[in-house]
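Worksheet: one structure, shown below.
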Amino acid sequence: MIVYFGFLRTDAVIYLDNGGTERITLLVNGAEKLAVSPGQVDSFSCRAGALHIIAKRGNRVVFDQMKTIAVELHGRRNYLLNPEATNRYRTIEVQYGISFPDFQAYSDREDKARLVAEGLNLVPATDWIDVDPDHVLEPAPKEVVGKFSSSRKVLKRVPKADADYILTTLASWDKQGRYLLEREASDAREKEYPKVEQAAERIQKATSEQGQ
């Protein structure tokens, strides 16, 4: 007798991170899936296909979108719902086995500040996050099975104020251009370099304290 367990397969896990002050109720295709208290995270597994996802804080709808979940041939894909973009995140690549140091050279203070900030891998502020991490808001395993080396991508919360400062400051630099003609503007940007590096340092410390 052949027993088919295909109906047990799941293609994705959707996490809901409640960064607000009220309970969130999550409905998928009209059925309630989760009820998440403030400051908590919960998840559910699903098959590939179209999902109508609605999140409510009390009676107020804070997310209402159709999402198409693709078929995953290897493993499951992880998504994160961050209603009203209340929290901020970064991804960290945890290396196992043989790894090589990453040497980066910079040409000036702005280049250094950019390298430090970009090395955080901050996720843009949004309510639906699809960066396909291996682990969502939990530490990476202490060890994994592999021949010589492997890695795992971990999604972690970061301090919102520091993340927003870095993201808006880098966007402002990009808009202004690499070099400024007005001396006053150039002096203002010079003062931002150490602030970006200090914010990055606080983010690195905060995520390190969450566990690797």
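Identifiers for the structure tokens are assigned positionally: chains receive A, B, ... in sequence, residues are indexed from 1 per chain, and ligands are indexed from 1 in the order shown.
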Exercise. Output as number ranges by chain all residues of region 98-141 of chain A that backbone DSSP marks as alpha helix (DSSP H).
Key: A: 109-118
Practice problem: Identify, with DSSP run on backbone atoms, the residues in region 112-203 of chain A assigned to strand (DSSP E or B), and express the list as a PyMOL selection string. | Solution: chain A and resi 122-123+128-129+135-136+149-158
Quiz item: Contacts of Val136 (chain A) at 7 Å or less, counting only C-alpha atoms, minus same-chain residues fewer than 6 places along, as a VMD selection string?
Solution: chain A and resid 154 to 156
Expected file contents, prior selection, all heavy atoms, as a compact mmCIF listing (two decimals), in the first residue's frame:
# COMPACT_ATOMS: atom_id res chain seq x y z
N VAL A 154 19.99 35.05 9.08
CA VAL A 154 19.13 35.28 10.24
C VAL A 154 18.55 36.69 10.17
O VAL A 154 19.27 37.66 9.91
CB VAL A 154 19.92 35.12 11.56
CG1 VAL A 154 19.02 35.28 12.76
CG2 VAL A 154 20.62 33.76 11.60
N LEU A 155 17.25 36.80 10.39
CA LEU A 155 16.58 38.11 10.43
C LEU A 155 16.39 38.52 11.88
O LEU A 155 15.82 37.75 12.67
CB LEU A 155 15.23 38.03 9.72
CG LEU A 155 14.45 39.35 9.60
CD1 LEU A 155 15.10 40.25 8.55
CD2 LEU A 155 12.99 39.09 9.26
N LYS A 156 16.87 39.72 12.22
CA LYS A 156 16.78 40.19 13.61
C LYS A 156 16.21 41.60 13.68
O LYS A 156 16.39 42.40 12.76
CB LYS A 156 18.17 40.18 14.25
CG LYS A 156 18.78 38.80 14.43
CD LYS A 156 20.02 38.87 15.29
CE LYS A 156 20.59 37.48 15.57
NZ LYS A 156 21.70 37.52 16.53
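Of the listed residues (A:Leu51, A:Lys205, A:Ser149, A:Thr169), A:Thr169 comes nearest to Ala188 (chain A); the distances count only C-alpha atoms.
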Quiz item: Which value, in Å to one decimal, gives the distance between CA of Ile14 (chain A) and CA of Tyr79 (chain A)?
Solution: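 Answer for the CA of Ile14 (chain A) to CA of Tyr79 (chain A) separation: 4.8 Å.
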Quiz item: Using only C-alpha atoms, which residues sit within 12 Å of region 26-34 of chain A once same-chain residues fewer than 6 positions away are excluded, as an MDAnalysis selection string?
Solution: chainID A and resid 14:18 40:46 49:67 81:83
Export of prior selection with C-alpha atoms as an mmCIF file, in the first residue's frame:
data_model
loop_
_atom_site.group_PDB
_atom_site.id
_atom_site.type_symbol
_atom_site.label_atom_id
_atom_site.label_comp_id
_atom_site.auth_asym_id
_atom_site.auth_seq_id
_atom_site.Cartn_x
_atom_site.Cartn_y
_atom_site.Cartn_z
ATOM 1 C CA ILE A 14 4.523 33.455 7.410
ATOM 2 C CA TYR A 15 5.519 35.227 10.620
ATOM 3 C CA LEU A 16 3.622 38.122 12.164
ATOM 4 C CA ASP A 17 5.615 40.513 14.362
ATOM 5 C CA ASN A 18 3.397 42.790 16.427
ATOM 6 C CA GLN A 40 5.057 39.074 20.361
ATOM 7 C CA VAL A 41 5.646 37.095 17.160
ATOM 8 C CA ASP A 42 3.780 34.041 15.872
ATOM 9 C CA SER A 43 3.637 32.125 12.604
ATOM 10 C CA PHE A 44 1.670 29.708 10.456
ATOM 11 C CA SER A 45 2.582 27.367 7.598
ATOM 12 C CA CYS A 46 0.877 27.399 4.223
ATOM 13 C CA GLY A 49 -1.065 29.750 -4.008
ATOM 14 C CA ALA A 50 -2.885 33.053 -3.675
ATOM 15 C CA LEU A 51 -3.540 34.304 -0.159
ATOM 16 C CA HIS A 52 -5.742 37.212 0.851
ATOM 17 C CA ILE A 53 -4.097 38.419 4.051
ATOM 18 C CA ILE A 54 -5.828 40.852 6.399
ATOM 19 C CA ALA A 55 -4.398 42.072 9.703
ATOM 20 C CA LYS A 56 -6.532 43.997 12.211
ATOM 21 C CA ARG A 57 -5.615 45.957 15.312
ATOM 22 C CA GLY A 58 -8.911 45.836 17.129
ATOM 23 C CA ASN A 59 -11.449 46.873 14.488
ATOM 24 C CA ARG A 60 -8.901 48.783 12.399
ATOM 25 C CA VAL A 61 -7.464 47.092 9.284
ATOM 26 C CA VAL A 62 -3.683 47.650 9.172
ATOM 27 C CA PHE A 63 -2.836 45.268 6.317
ATOM 28 C CA ASP A 64 -4.978 44.063 3.436
ATOM 29 C CA GLN A 65 -3.188 42.550 0.440
ATOM 30 C CA MET A 66 -3.161 39.588 -1.906
ATOM 31 C CA LYS A 67 0.082 37.609 -1.835
ATOM 32 C CA LEU A 81 4.482 40.540 8.145
ATOM 33 C CA ASN A 82 5.297 43.751 10.025
ATOM 34 C CA PRO A 83 1.953 45.618 10.109
#
Exercise. Mind checking which residues fall within 12 Å of Thr207 (chain A), counting only C-alpha atoms, ignoring those fewer than 2 positions away in the same chain, and posting them as a list in words?
Key: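 After dropping sequence-adjacent residues, the list is Arg88, Tyr89, Arg90, Thr91, Ile92, Leu120, Leu122, Leu137, Glu138, Pro139, Val154, Leu155, Lys156, Arg157, Val158, Pro159, Ala200, Glu201, Arg202, Ile203, Gln204, Lys205, Glu209, Gln210, Gly211 and Gln212 of chain A.
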Exercise. Choose the residue, out of A:Ala113, A:Ile166, A:Val123, A:Ala12, that has the smallest atom-to-atom separation from Thr68 (chain A); count only C-alpha atoms.
Key: A:Ala12
Quiz item: Which residue out of A:Gln95, A:Ser186, A:Ser151, A:Asn78 has the minimum interatomic distance to Glu110 (chain A) when only C-alpha atoms are used?
Solution: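 With only C-alpha atoms as the atom set, the closest residue is A:Ser186.
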Quiz item: Between A:Arg23, A:Lys160, A:Arg109, A:Lys153, which is the closest to Asn121 (chain A) once you count only C-alpha atoms?
Solution: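 So, comparing all the options, the nearest one is A:Lys153.
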